[in-house]
Amino acid sequence: MPELNDNINKVGTGFAAFLSPPGPEVIRFTVGQPDFATPTKVVDSAKAALDRGETAYTRTQGSPELCDAVSTHLAKHSIEIDSNNIVVAPGCKQAVLYAMMATLNPDDEVLLLAPAWPSYDGMLKLIGAVPIHVPVKRDDYHPDFAALEAAITSKTKAIMLNSPNNPTGAVYRPEEIERLVALAVKHDLWIIDDMIYATLVWADYGYTSPTQFAGGKERTITVGGWSKGWAMTGWRLGWIGGSEAVANAVKKVNASAATHVATFLMPAAITALSLEAETQMMADSFKERCEVIYQLLDDLPGITVPKPEGAFYALCDITATGMTDIEFANRALEEAQVQLIPGSLMEGGEGFVRISYATSMENIREGVRRLSEWLSNL
Ligand SMILES: Cc1ncc(COP(=O)(O)O)c(C=O)c1O
């Protein structure tokens, strides 16, 4: 038999081993998706497009109206990208891959703030680039600038940003983003900015785009999507935008890889971006859950957790329990019937567990009560 692509063996399986659906008696703190249905107006918009027969090939980067709508949405986050330089991709995940394919060559090194969402590591290895995991500060999960500077070599080509962050829940402060841009300018790096959680911020400052700072606009590739803020995970819709040169490269990748996202989803994606009350309601609900789960987790014996600043994750330091994170996750499942993600599935995540609070208030209270009872009886 011929051999497989050499890179395949280097790619891990992310959270898969700890995501398999357990029995109904288990409380799941693992799933990173909103527990809301997609807003009805969005669903109706897709249905109407199907009824109009919008099922044929169309403009590969996305309809002009959709690219305009994304450009207008990004402007609300102080990101200026001309709609010609926006491409709509099948999910933010694929948009991240496009950004990497458009900017990286094999053996290029990319800085990841660790622990990082595992798909970045997998994608980089898939295209032959090299992820360099640089731990964030252990007390608040914000960037460690000395460590980042020390990790830069002549092969470093890009830095991957994700704020609000999965898995840490951190939202980087404007002055930190400014410093990250200065670092990228100094070492001539691309910045790939994954803003998928930008509408879910609980800190008293918002999501900050690197494009706002001197030298940031030309070197930032902004990626995001509808999955988290609009409860549209299964729709597989994401955006990517940047300078004209980057956008032209991304258009080539997209035309070669996907042609375009489903034609009848395009009007629905526009409808989603026009919503305000529905998205605000979902964000408010996650914020409330954050307050509740943080107070409960903070009281657990052996657990240290900084207050999550955005997204819907709390990253808990469990080292004081004396267990490894894998042991903690396995025992929590078996003995407390609570499923969570052990941090060492991500490089730099050893000694942490990730809790997703995108579940009902009832599950939050009962799940943490079970953890509390289990930990108190150890
Ligand atoms: C940081 C981050 N980026 C991207 C994605 C994927 O988004 P999408 O569903 O749009 O592909 C996720 C999903 O968990 C994520 O956590």
# chains A, B, ... in the order shown; residues from 1 in each chain; ligands from 1
>>> closest_atom_pairs(of="region 19-62 of chain A", to="region 67-77 of chain A", cutoff="12 Å", atoms="only C-alpha atoms", output="Markdown table")
| residue | atom | partner | partner_atom | distance |
| --- | --- | --- | --- | --- |
| A:Arg59 | CA | A:Cys67 | CA | 10.6 |
| A:Thr60 | CA | A:Cys67 | CA | 11.0 |
| A:Gln61 | CA | A:Cys67 | CA | 7.8 |
| A:Gly62 | CA | A:Cys67 | CA | 6.2 |
>>> write_last_selection(atoms="C-alpha atoms", output="mmCIF file, in the first residue's frame")
data_model
loop_
_atom_site.group_PDB
_atom_site.id
_atom_site.type_symbol
_atom_site.label_atom_id
_atom_site.label_comp_id
_atom_site.auth_asym_id
_atom_site.auth_seq_id
_atom_site.Cartn_x
_atom_site.Cartn_y
_atom_site.Cartn_z
ATOM 1 C CA ARG A 59 -19.767 33.890 -5.949
ATOM 2 C CA THR A 60 -16.964 31.956 -4.251
ATOM 3 C CA GLN A 61 -15.988 34.485 -1.570
ATOM 4 C CA GLY A 62 -19.650 34.856 -0.526
#
>>> select_by_dssp(residues="region 96-300 of chain A", states="strand (DSSP E)", output="NGL selection string")
:A and (109-114 or 130-135 or 156-162 or 190-194 or 220-225 or 238-241)
>>> residues_around(residues="region 337-342 of chain A", least_positions_apart="2", cutoff="6 Å", atoms="only C-alpha atoms", output="list in words")
Val26, Ile27, Arg28, Phe29, Thr30, Asp325, Ile326, Ala329, Ala332, Leu333, Glu334, Glu335, Ser344, Val353, Arg354 and Ile355 of chain A
>>> residues_around(residues="Ile86 (chain A)", least_positions_apart="6", cutoff="12 Å", atoms="only C-alpha atoms", output="number ranges by chain")
A: 60-74, 79-80, 95, 99, 221-224, 238-251, 254
>>> write_last_selection(atoms="N, CA and C atoms", output="mmCIF file, in the first residue's frame")
data_model
loop_
_atom_site.group_PDB
_atom_site.id
_atom_site.type_symbol
_atom_site.label_atom_id
_atom_site.label_comp_id
_atom_site.auth_asym_id
_atom_site.auth_seq_id
_atom_site.Cartn_x
_atom_site.Cartn_y
_atom_site.Cartn_z
ATOM 1 N N THR A 60 -17.713 32.832 -5.160
ATOM 2 C CA THR A 60 -16.964 31.956 -4.251
ATOM 3 C C THR A 60 -16.650 32.608 -2.902
ATOM 4 N N GLN A 61 -16.362 33.887 -2.859
ATOM 5 C CA GLN A 61 -15.988 34.485 -1.570
ATOM 6 C C GLN A 61 -17.204 34.750 -0.684
ATOM 7 N N GLY A 62 -18.404 34.521 -1.223
ATOM 8 C CA GLY A 62 -19.650 34.856 -0.526
ATOM 9 C C GLY A 62 -20.340 35.952 -1.315
ATOM 10 N N SER A 63 -21.680 36.026 -1.232
ATOM 11 C CA SER A 63 -22.414 37.030 -2.008
ATOM 12 C C SER A 63 -21.927 38.429 -1.611
ATOM 13 N N PRO A 64 -22.026 39.408 -2.514
ATOM 14 C CA PRO A 64 -21.597 40.767 -2.161
ATOM 15 C C PRO A 64 -22.328 41.268 -0.917
ATOM 16 N N GLU A 65 -23.626 40.927 -0.810
ATOM 17 C CA GLU A 65 -24.410 41.385 0.353
ATOM 18 C C GLU A 65 -23.870 40.781 1.646
ATOM 19 N N LEU A 66 -23.467 39.521 1.591
ATOM 20 C CA LEU A 66 -22.946 38.869 2.796
ATOM 21 C C LEU A 66 -21.583 39.459 3.183
ATOM 22 N N CYS A 67 -20.736 39.650 2.197
ATOM 23 C CA CYS A 67 -19.410 40.232 2.510
ATOM 24 C C CYS A 67 -19.588 41.653 3.060
ATOM 25 N N ASP A 68 -20.563 42.396 2.522
ATOM 26 C CA ASP A 68 -20.860 43.739 3.070
ATOM 27 C C ASP A 68 -21.308 43.629 4.522
ATOM 28 N N ALA A 69 -22.178 42.652 4.798
ATOM 29 C CA ALA A 69 -22.720 42.501 6.160
ATOM 30 C C ALA A 69 -21.595 42.152 7.139
ATOM 31 N N VAL A 70 -20.652 41.317 6.700
ATOM 32 C CA VAL A 70 -19.529 40.962 7.586
ATOM 33 C C VAL A 70 -18.667 42.196 7.817
ATOM 34 N N SER A 71 -18.404 42.934 6.747
ATOM 35 C CA SER A 71 -17.579 44.142 6.871
ATOM 36 C C SER A 71 -18.226 45.122 7.853
ATOM 37 N N THR A 72 -19.561 45.290 7.757
ATOM 38 C CA THR A 72 -20.295 46.183 8.664
ATOM 39 C C THR A 72 -20.235 45.664 10.093
ATOM 40 N N HIS A 73 -20.346 44.356 10.259
ATOM 41 C CA HIS A 73 -20.264 43.771 11.607
ATOM 42 C C HIS A 73 -18.868 44.022 12.199
ATOM 43 N N LEU A 74 -17.840 43.807 11.395
ATOM 44 C CA LEU A 74 -16.472 43.977 11.912
ATOM 45 C C LEU A 74 -16.223 45.433 12.323
ATOM 46 N N ILE A 79 -12.902 47.173 13.427
ATOM 47 C CA ILE A 79 -12.043 46.526 12.421
ATOM 48 C C ILE A 79 -12.497 47.029 11.056
ATOM 49 N N GLU A 80 -11.566 47.623 10.326
ATOM 50 C CA GLU A 80 -11.926 48.139 8.997
ATOM 51 C C GLU A 80 -11.412 47.191 7.941
ATOM 52 N N ALA A 95 -11.659 28.786 8.374
ATOM 53 C CA ALA A 95 -11.087 30.117 8.141
ATOM 54 C C ALA A 95 -9.689 30.200 8.763
ATOM 55 N N ALA A 99 -6.207 30.860 6.784
ATOM 56 C CA ALA A 99 -5.238 31.901 7.173
ATOM 57 C C ALA A 99 -3.842 31.296 7.242
ATOM 58 N N ILE A 221 -4.661 38.904 10.175
ATOM 59 C CA ILE A 221 -5.709 38.206 9.433
ATOM 60 C C ILE A 221 -6.787 37.927 10.475
ATOM 61 N N THR A 222 -7.958 38.517 10.267
ATOM 62 C CA THR A 222 -9.044 38.397 11.243
ATOM 63 C C THR A 222 -9.949 37.240 10.841
ATOM 64 N N VAL A 223 -10.163 36.307 11.766
ATOM 65 C CA VAL A 223 -11.090 35.203 11.494
ATOM 66 C C VAL A 223 -12.144 35.160 12.597
ATOM 67 N N GLY A 224 -13.317 34.711 12.233
ATOM 68 C CA GLY A 224 -14.392 34.621 13.223
ATOM 69 C C GLY A 224 -15.536 33.837 12.629
ATOM 70 N N GLY A 238 -18.063 30.767 8.676
ATOM 71 C CA GLY A 238 -17.051 31.602 9.311
ATOM 72 C C GLY A 238 -16.584 32.667 8.340
ATOM 73 N N TRP A 239 -15.857 33.644 8.851
ATOM 74 C CA TRP A 239 -15.344 34.682 7.947
ATOM 75 C C TRP A 239 -13.842 34.830 8.117
ATOM 76 N N ILE A 240 -13.231 35.398 7.096
ATOM 77 C CA ILE A 240 -11.806 35.702 7.156
ATOM 78 C C ILE A 240 -11.583 36.976 6.366
ATOM 79 N N GLY A 241 -10.763 37.851 6.900
ATOM 80 C CA GLY A 241 -10.502 39.115 6.204
ATOM 81 C C GLY A 241 -9.128 39.637 6.541
ATOM 82 N N GLY A 242 -8.589 40.431 5.639
ATOM 83 C CA GLY A 242 -7.274 41.015 5.869
ATOM 84 C C GLY A 242 -6.935 41.974 4.763
ATOM 85 N N SER A 243 -5.664 42.204 4.557
ATOM 86 C CA SER A 243 -5.223 43.112 3.491
ATOM 87 C C SER A 243 -5.606 42.516 2.135
ATOM 88 N N GLU A 244 -5.500 43.312 1.095
ATOM 89 C CA GLU A 244 -5.860 42.826 -0.240
ATOM 90 C C GLU A 244 -4.997 41.625 -0.631
ATOM 91 N N ALA A 245 -3.700 41.703 -0.299
ATOM 92 C CA ALA A 245 -2.788 40.608 -0.666
ATOM 93 C C ALA A 245 -3.186 39.319 0.050
ATOM 94 N N VAL A 246 -3.495 39.437 1.346
ATOM 95 C CA VAL A 246 -3.901 38.252 2.106
ATOM 96 C C VAL A 246 -5.228 37.727 1.553
ATOM 97 N N ALA A 247 -6.178 38.652 1.327
ATOM 98 C CA ALA A 247 -7.505 38.226 0.847
ATOM 99 C C ALA A 247 -7.386 37.517 -0.503
ATOM 100 N N ASN A 248 -6.513 38.003 -1.382
ATOM 101 C CA ASN A 248 -6.347 37.344 -2.679
ATOM 102 C C ASN A 248 -5.795 35.928 -2.513
ATOM 103 N N ALA A 249 -4.872 35.772 -1.554
ATOM 104 C CA ALA A 249 -4.320 34.433 -1.292
ATOM 105 C C ALA A 249 -5.416 33.530 -0.722
ATOM 106 N N VAL A 250 -6.196 34.071 0.198
ATOM 107 C CA VAL A 250 -7.272 33.287 0.820
ATOM 108 C C VAL A 250 -8.324 32.894 -0.226
ATOM 109 N N LYS A 251 -8.601 33.804 -1.157
ATOM 110 C CA LYS A 251 -9.577 33.491 -2.208
ATOM 111 C C LYS A 251 -9.112 32.280 -3.029
ATOM 112 N N ASN A 254 -9.649 29.175 -0.883
ATOM 113 C CA ASN A 254 -11.077 28.849 -0.798
ATOM 114 C C ASN A 254 -11.594 28.292 -2.128
#
>>> residues_near_ligand(ligand="ligand 1", cutoff="8 Å", atoms="only C-alpha atoms and all ligand atoms", output="VMD selection string")
chain A and resid 32 to 33 90 to 96 117 162 165 to 167 194 to 197 224 to 228 232 to 234 236 to 238
>>> write_last_selection(atoms="N, CA and C atoms", output="mmCIF file, in the first residue's frame")
data_model
loop_
_atom_site.group_PDB
_atom_site.id
_atom_site.type_symbol
_atom_site.label_atom_id
_atom_site.label_comp_id
_atom_site.auth_asym_id
_atom_site.auth_seq_id
_atom_site.Cartn_x
_atom_site.Cartn_y
_atom_site.Cartn_z
ATOM 1 N N GLY A 32 -18.478 22.632 24.070
ATOM 2 C CA GLY A 32 -18.228 24.058 23.848
ATOM 3 C C GLY A 32 -19.172 24.647 22.821
ATOM 4 N N GLN A 33 -20.465 24.497 23.061
ATOM 5 C CA GLN A 33 -21.402 25.141 22.131
ATOM 6 C C GLN A 33 -22.607 25.671 22.885
ATOM 7 N N PRO A 90 -16.389 27.684 5.291
ATOM 8 C CA PRO A 90 -17.214 26.720 6.041
ATOM 9 C C PRO A 90 -16.742 26.594 7.495
ATOM 10 N N GLY A 91 -17.093 27.573 8.312
ATOM 11 C CA GLY A 91 -16.733 27.565 9.740
ATOM 12 C C GLY A 91 -15.496 28.399 10.014
ATOM 13 N N CYS A 92 -15.436 28.891 11.245
ATOM 14 C CA CYS A 92 -14.247 29.642 11.661
ATOM 15 C C CYS A 92 -13.028 28.726 11.633
ATOM 16 N N LYS A 93 -13.263 27.448 11.932
ATOM 17 C CA LYS A 93 -12.137 26.500 11.940
ATOM 18 C C LYS A 93 -11.455 26.485 10.575
ATOM 19 N N GLN A 94 -12.265 26.382 9.519
ATOM 20 C CA GLN A 94 -11.671 26.359 8.181
ATOM 21 C C GLN A 94 -11.060 27.721 7.834
ATOM 22 N N ALA A 95 -11.659 28.786 8.374
ATOM 23 C CA ALA A 95 -11.087 30.117 8.141
ATOM 24 C C ALA A 95 -9.689 30.200 8.763
ATOM 25 N N VAL A 96 -9.510 29.591 9.934
ATOM 26 C CA VAL A 96 -8.171 29.578 10.558
ATOM 27 C C VAL A 96 -7.205 28.802 9.659
ATOM 28 N N TRP A 117 -6.458 26.204 22.102
ATOM 29 C CA TRP A 117 -7.465 25.327 21.471
ATOM 30 C C TRP A 117 -6.714 24.316 20.582
ATOM 31 N N ASN A 162 -6.287 34.411 20.341
ATOM 32 C CA ASN A 162 -7.697 34.039 20.536
ATOM 33 C C ASN A 162 -8.146 34.640 21.866
ATOM 34 N N ASN A 165 -10.714 33.720 25.158
ATOM 35 C CA ASN A 165 -9.951 32.522 24.869
ATOM 36 C C ASN A 165 -10.660 31.224 25.252
ATOM 37 N N ASN A 166 -10.509 30.254 24.366
ATOM 38 C CA ASN A 166 -10.812 28.860 24.673
ATOM 39 C C ASN A 166 -9.451 28.180 24.781
ATOM 40 N N PRO A 167 -9.048 27.624 25.883
ATOM 41 C CA PRO A 167 -9.834 27.148 27.017
ATOM 42 C C PRO A 167 -9.772 28.003 28.278
ATOM 43 N N ASP A 194 -8.212 35.041 16.019
ATOM 44 C CA ASP A 194 -9.465 34.281 16.048
ATOM 45 C C ASP A 194 -10.412 34.971 17.033
ATOM 46 N N MET A 195 -11.390 35.696 16.462
ATOM 47 C CA MET A 195 -12.315 36.501 17.283
ATOM 48 C C MET A 195 -13.664 35.809 17.467
ATOM 49 N N ILE A 196 -13.669 34.466 17.403
ATOM 50 C CA ILE A 196 -14.955 33.740 17.426
ATOM 51 C C ILE A 196 -15.808 34.041 18.664
ATOM 52 N N TYR A 197 -15.144 34.384 19.793
ATOM 53 C CA TYR A 197 -15.922 34.668 21.020
ATOM 54 C C TYR A 197 -16.053 36.177 21.293
ATOM 55 N N GLY A 224 -13.317 34.711 12.233
ATOM 56 C CA GLY A 224 -14.392 34.621 13.223
ATOM 57 C C GLY A 224 -15.536 33.837 12.629
ATOM 58 N N GLY A 225 -16.698 33.922 13.263
ATOM 59 C CA GLY A 225 -17.820 33.188 12.698
ATOM 60 C C GLY A 225 -19.050 33.234 13.574
ATOM 61 N N TRP A 226 -20.040 32.535 13.114
ATOM 62 C CA TRP A 226 -21.390 32.612 13.672
ATOM 63 C C TRP A 226 -21.647 31.575 14.780
ATOM 64 N N SER A 227 -20.744 30.581 14.904
ATOM 65 C CA SER A 227 -21.053 29.422 15.765
ATOM 66 C C SER A 227 -21.425 29.783 17.188
ATOM 67 N N LYS A 228 -20.616 30.601 17.844
ATOM 68 C CA LYS A 228 -20.757 30.778 19.290
ATOM 69 C C LYS A 228 -21.729 31.909 19.643
ATOM 70 N N MET A 232 -24.946 28.938 16.144
ATOM 71 C CA MET A 232 -25.044 28.373 14.797
ATOM 72 C C MET A 232 -23.897 27.393 14.519
ATOM 73 N N THR A 233 -23.566 26.573 15.510
ATOM 74 C CA THR A 233 -22.398 25.686 15.337
ATOM 75 C C THR A 233 -22.518 24.735 14.143
ATOM 76 N N GLY A 234 -23.732 24.212 13.932
ATOM 77 C CA GLY A 234 -23.880 23.226 12.863
ATOM 78 C C GLY A 234 -24.000 23.818 11.468
ATOM 79 N N ARG A 236 -21.868 25.737 9.977
ATOM 80 C CA ARG A 236 -20.525 25.785 9.391
ATOM 81 C C ARG A 236 -20.318 27.049 8.551
ATOM 82 N N LEU A 237 -20.293 28.157 9.265
ATOM 83 C CA LEU A 237 -20.098 29.461 8.624
ATOM 84 C C LEU A 237 -19.049 30.253 9.385
ATOM 85 N N GLY A 238 -18.063 30.767 8.676
ATOM 86 C CA GLY A 238 -17.051 31.602 9.311
ATOM 87 C C GLY A 238 -16.584 32.667 8.340
#
>>> select_by_dssp(residues="region 90-227 of chain A", states="alpha helix (DSSP H)", output="number ranges by chain")
A: 92-103, 118-126, 145-151, 174-186, 216-219
>>> closest_atom_pairs(of="region 347-368 of chain A", to="region 131-154 of chain A", cutoff="9 Å", atoms="only C-alpha atoms", output="Markdown table")
| residue | atom | partner | partner_atom | distance |
| --- | --- | --- | --- | --- |
| A:Glu347 | CA | A:His133 | CA | 6.7 |
| A:Gly348 | CA | A:Pro135 | CA | 5.9 |
| A:Gly349 | CA | A:Pro135 | CA | 8.5 |
>>> write_last_selection(atoms="N, CA, C and O atoms", output="short mmCIF file (atom, residue, chain, number, x, y, z; two decimals), in the first residue's frame")
data_model
loop_
_atom_site.label_atom_id
_atom_site.label_comp_id
_atom_site.auth_asym_id
_atom_site.auth_seq_id
_atom_site.Cartn_x
_atom_site.Cartn_y
_atom_site.Cartn_z
N GLU A 347 -1.04 21.06 24.90
CA GLU A 347 0.29 21.30 25.45
C GLU A 347 0.25 22.53 26.35
O GLU A 347 -0.37 23.54 26.01
N GLY A 348 0.86 22.43 27.53
CA GLY A 348 0.85 23.56 28.46
C GLY A 348 -0.38 23.57 29.36
O GLY A 348 -0.53 24.47 30.18
N GLY A 349 -1.23 22.56 29.22
CA GLY A 349 -2.46 22.53 30.02
C GLY A 349 -2.40 21.56 31.18
O GLY A 349 -3.41 21.31 31.84
#
>>> closest_residue(among="A:Tyr172, A:Tyr207, A:Phe286, A:Phe328", to="Ile303 (chain A)", atoms="only C-alpha atoms")
A:Phe328
>>> atom_distance(atom1="CA of Glu278 (chain A)", atom2="CA of Thr199 (chain A)")
12.2 Å
>>> residues_around(residues="Tyr205 (chain A)", least_positions_apart="2", cutoff="10 Å", atoms="only C-alpha atoms", output="CSV table (one decimal) with all heavy atoms, in the first residue's frame")
chain,number,residue,atom,x,y,z
A,171,VAL,N,-9.7,37.4,28.6
A,171,VAL,CA,-9.8,38.4,27.5
A,171,VAL,C,-8.6,39.3,27.7
A,171,VAL,O,-8.5,39.9,28.8
A,171,VAL,CB,-11.2,39.1,27.7
A,171,VAL,CG1,-11.3,40.2,26.5
A,171,VAL,CG2,-12.4,38.2,27.6
A,172,TYR,N,-7.8,39.4,26.7
A,172,TYR,CA,-6.6,40.2,26.8
A,172,TYR,C,-7.0,41.7,26.8
A,172,TYR,O,-7.8,42.2,26.0
A,172,TYR,CB,-5.6,39.9,25.7
A,172,TYR,CG,-5.3,38.4,25.6
A,172,TYR,CD1,-4.9,37.8,24.4
A,172,TYR,CD2,-5.3,37.6,26.7
A,172,TYR,CE1,-4.6,36.4,24.3
A,172,TYR,CE2,-5.0,36.3,26.7
A,172,TYR,CZ,-4.7,35.7,25.5
A,172,TYR,OH,-4.4,34.3,25.4
A,173,ARG,N,-6.3,42.5,27.6
A,173,ARG,CA,-6.6,43.9,27.8
A,173,ARG,C,-6.0,44.7,26.5
A,173,ARG,O,-5.1,44.2,25.9
A,173,ARG,CB,-5.9,44.4,29.0
A,173,ARG,CG,-6.7,44.0,30.3
A,173,ARG,CD,-6.0,44.6,31.6
A,173,ARG,NE,-4.9,43.8,31.9
A,173,ARG,CZ,-4.9,42.7,32.7
A,173,ARG,NH1,-6.0,42.2,33.1
A,173,ARG,NH2,-3.8,42.0,33.0
A,174,PRO,N,-6.6,45.8,26.2
A,174,PRO,CA,-6.2,46.6,25.0
A,174,PRO,C,-4.7,46.8,25.0
A,174,PRO,O,-4.0,46.7,24.0
A,174,PRO,CB,-6.9,47.9,25.2
A,174,PRO,CG,-8.2,47.6,25.9
A,174,PRO,CD,-7.8,46.4,26.9
A,201,VAL,N,-18.1,38.8,26.1
A,201,VAL,CA,-17.0,39.3,27.0
A,201,VAL,C,-17.7,39.8,28.3
A,201,VAL,O,-18.7,40.5,28.2
A,201,VAL,CB,-16.3,40.5,26.3
A,201,VAL,CG1,-15.3,41.2,27.3
A,201,VAL,CG2,-15.6,40.1,25.0
A,202,TRP,N,-17.1,39.4,29.4
A,202,TRP,CA,-17.7,39.8,30.7
A,202,TRP,C,-16.8,40.7,31.4
A,202,TRP,O,-17.1,41.3,32.5
A,202,TRP,CB,-17.9,38.5,31.6
A,202,TRP,CG,-18.3,37.3,30.9
A,202,TRP,CD1,-17.8,36.0,31.1
A,202,TRP,CD2,-19.2,37.1,29.8
A,202,TRP,NE1,-18.3,35.1,30.3
A,202,TRP,CE2,-19.2,35.8,29.5
A,202,TRP,CE3,-20.1,38.0,29.2
A,202,TRP,CZ2,-20.1,35.2,28.5
A,202,TRP,CZ3,-20.9,37.5,28.1
A,202,TRP,CH2,-20.9,36.1,27.8
A,203,ALA,N,-15.6,41.0,30.9
A,203,ALA,CA,-14.6,41.9,31.5
A,203,ALA,C,-15.2,43.3,31.3
A,203,ALA,O,-16.1,43.6,30.5
A,203,ALA,CB,-13.3,41.8,30.9
A,207,TYR,N,-13.6,43.0,23.6
A,207,TYR,CA,-12.6,42.4,22.7
A,207,TYR,C,-11.8,43.5,22.0
A,207,TYR,O,-12.4,44.5,21.6
A,207,TYR,CB,-13.4,41.5,21.6
A,207,TYR,CG,-12.7,41.4,20.3
A,207,TYR,CD1,-11.7,40.4,20.2
A,207,TYR,CD2,-12.9,42.2,19.2
A,207,TYR,CE1,-11.0,40.3,19.0
A,207,TYR,CE2,-12.3,42.1,18.0
A,207,TYR,CZ,-11.3,41.1,17.9
A,207,TYR,OH,-10.6,41.0,16.7
A,208,THR,N,-10.5,43.3,21.8
A,208,THR,CA,-9.7,44.3,21.1
A,208,THR,C,-9.0,43.7,19.9
A,208,THR,O,-8.4,42.7,20.0
A,208,THR,CB,-8.6,44.8,22.1
A,208,THR,OG1,-9.3,45.2,23.3
A,208,THR,CG2,-7.9,46.0,21.5
A,309,GLU,N,-13.2,35.8,32.0
A,309,GLU,CA,-13.5,37.2,31.5
A,309,GLU,C,-14.3,37.2,30.2
A,309,GLU,O,-14.8,38.2,29.7
A,309,GLU,CB,-12.1,37.9,31.3
A,309,GLU,CG,-11.4,38.1,32.6
A,309,GLU,CD,-9.9,38.3,32.4
A,309,GLU,OE1,-9.3,37.9,31.3
A,309,GLU,OE2,-9.3,38.9,33.3
>>> closest_residue(among="A:Val261, A:Ala283, A:Val130, A:Val368", to="Trp235 (chain A)", atoms="only C-alpha atoms")
A:Val261
>>> closest_residue(among="A:Ala231, A:Arg370, A:Thr304, A:Gln280", to="Asp35 (chain A)", atoms="only C-alpha atoms")
A:Ala231
>>> closest_residue(among="A:Pro164, A:Pro301, A:Gly14, A:Gly169", to="Ala198 (chain A)", atoms="only C-alpha atoms")
A:Pro164
>>> atom_distance(atom1="CA of Gly310 (chain A)", atom2="CA of Leu200 (chain A)")
5.4 Å
>>> atom_distance(atom1="CA of Asn84 (chain A)", atom2="CA of Pro267 (chain A)")
17.6 Å
>>> closest_residue(among="A:Ser45, A:Ser356, A:Ser376, A:Thr103", to="Cys316 (chain A)", atoms="only C-alpha atoms")
A:Ser356
>>> residues_around(residues="Asp6 (chain A)", least_positions_apart="3", cutoff="12 Å", atoms="only C-alpha atoms", output="ChimeraX atom specification")
/A:2-3,9-11,125-128
>>> write_last_selection(atoms="C-alpha atoms", output="CSV table (one decimal), in the first residue's frame")
chain,number,residue,atom,x,y,z
A,2,PRO,CA,1.2,3.6,-0.6
A,3,GLU,CA,2.0,5.5,2.6
A,9,ASN,CA,0.6,10.9,12.4
A,10,LYS,CA,1.7,14.1,14.1
A,11,VAL,CA,-1.9,15.4,14.4
A,125,LYS,CA,1.1,20.1,11.9
A,126,LEU,CA,-1.1,19.1,9.0
A,127,ILE,CA,0.4,21.8,6.8
A,128,GLY,CA,4.0,21.1,8.0
>>> closest_residue(among="A:Leu111, A:Leu265, A:Met346, A:Ile81", to="Val43 (chain A)", atoms="only C-alpha atoms")
A:Leu265
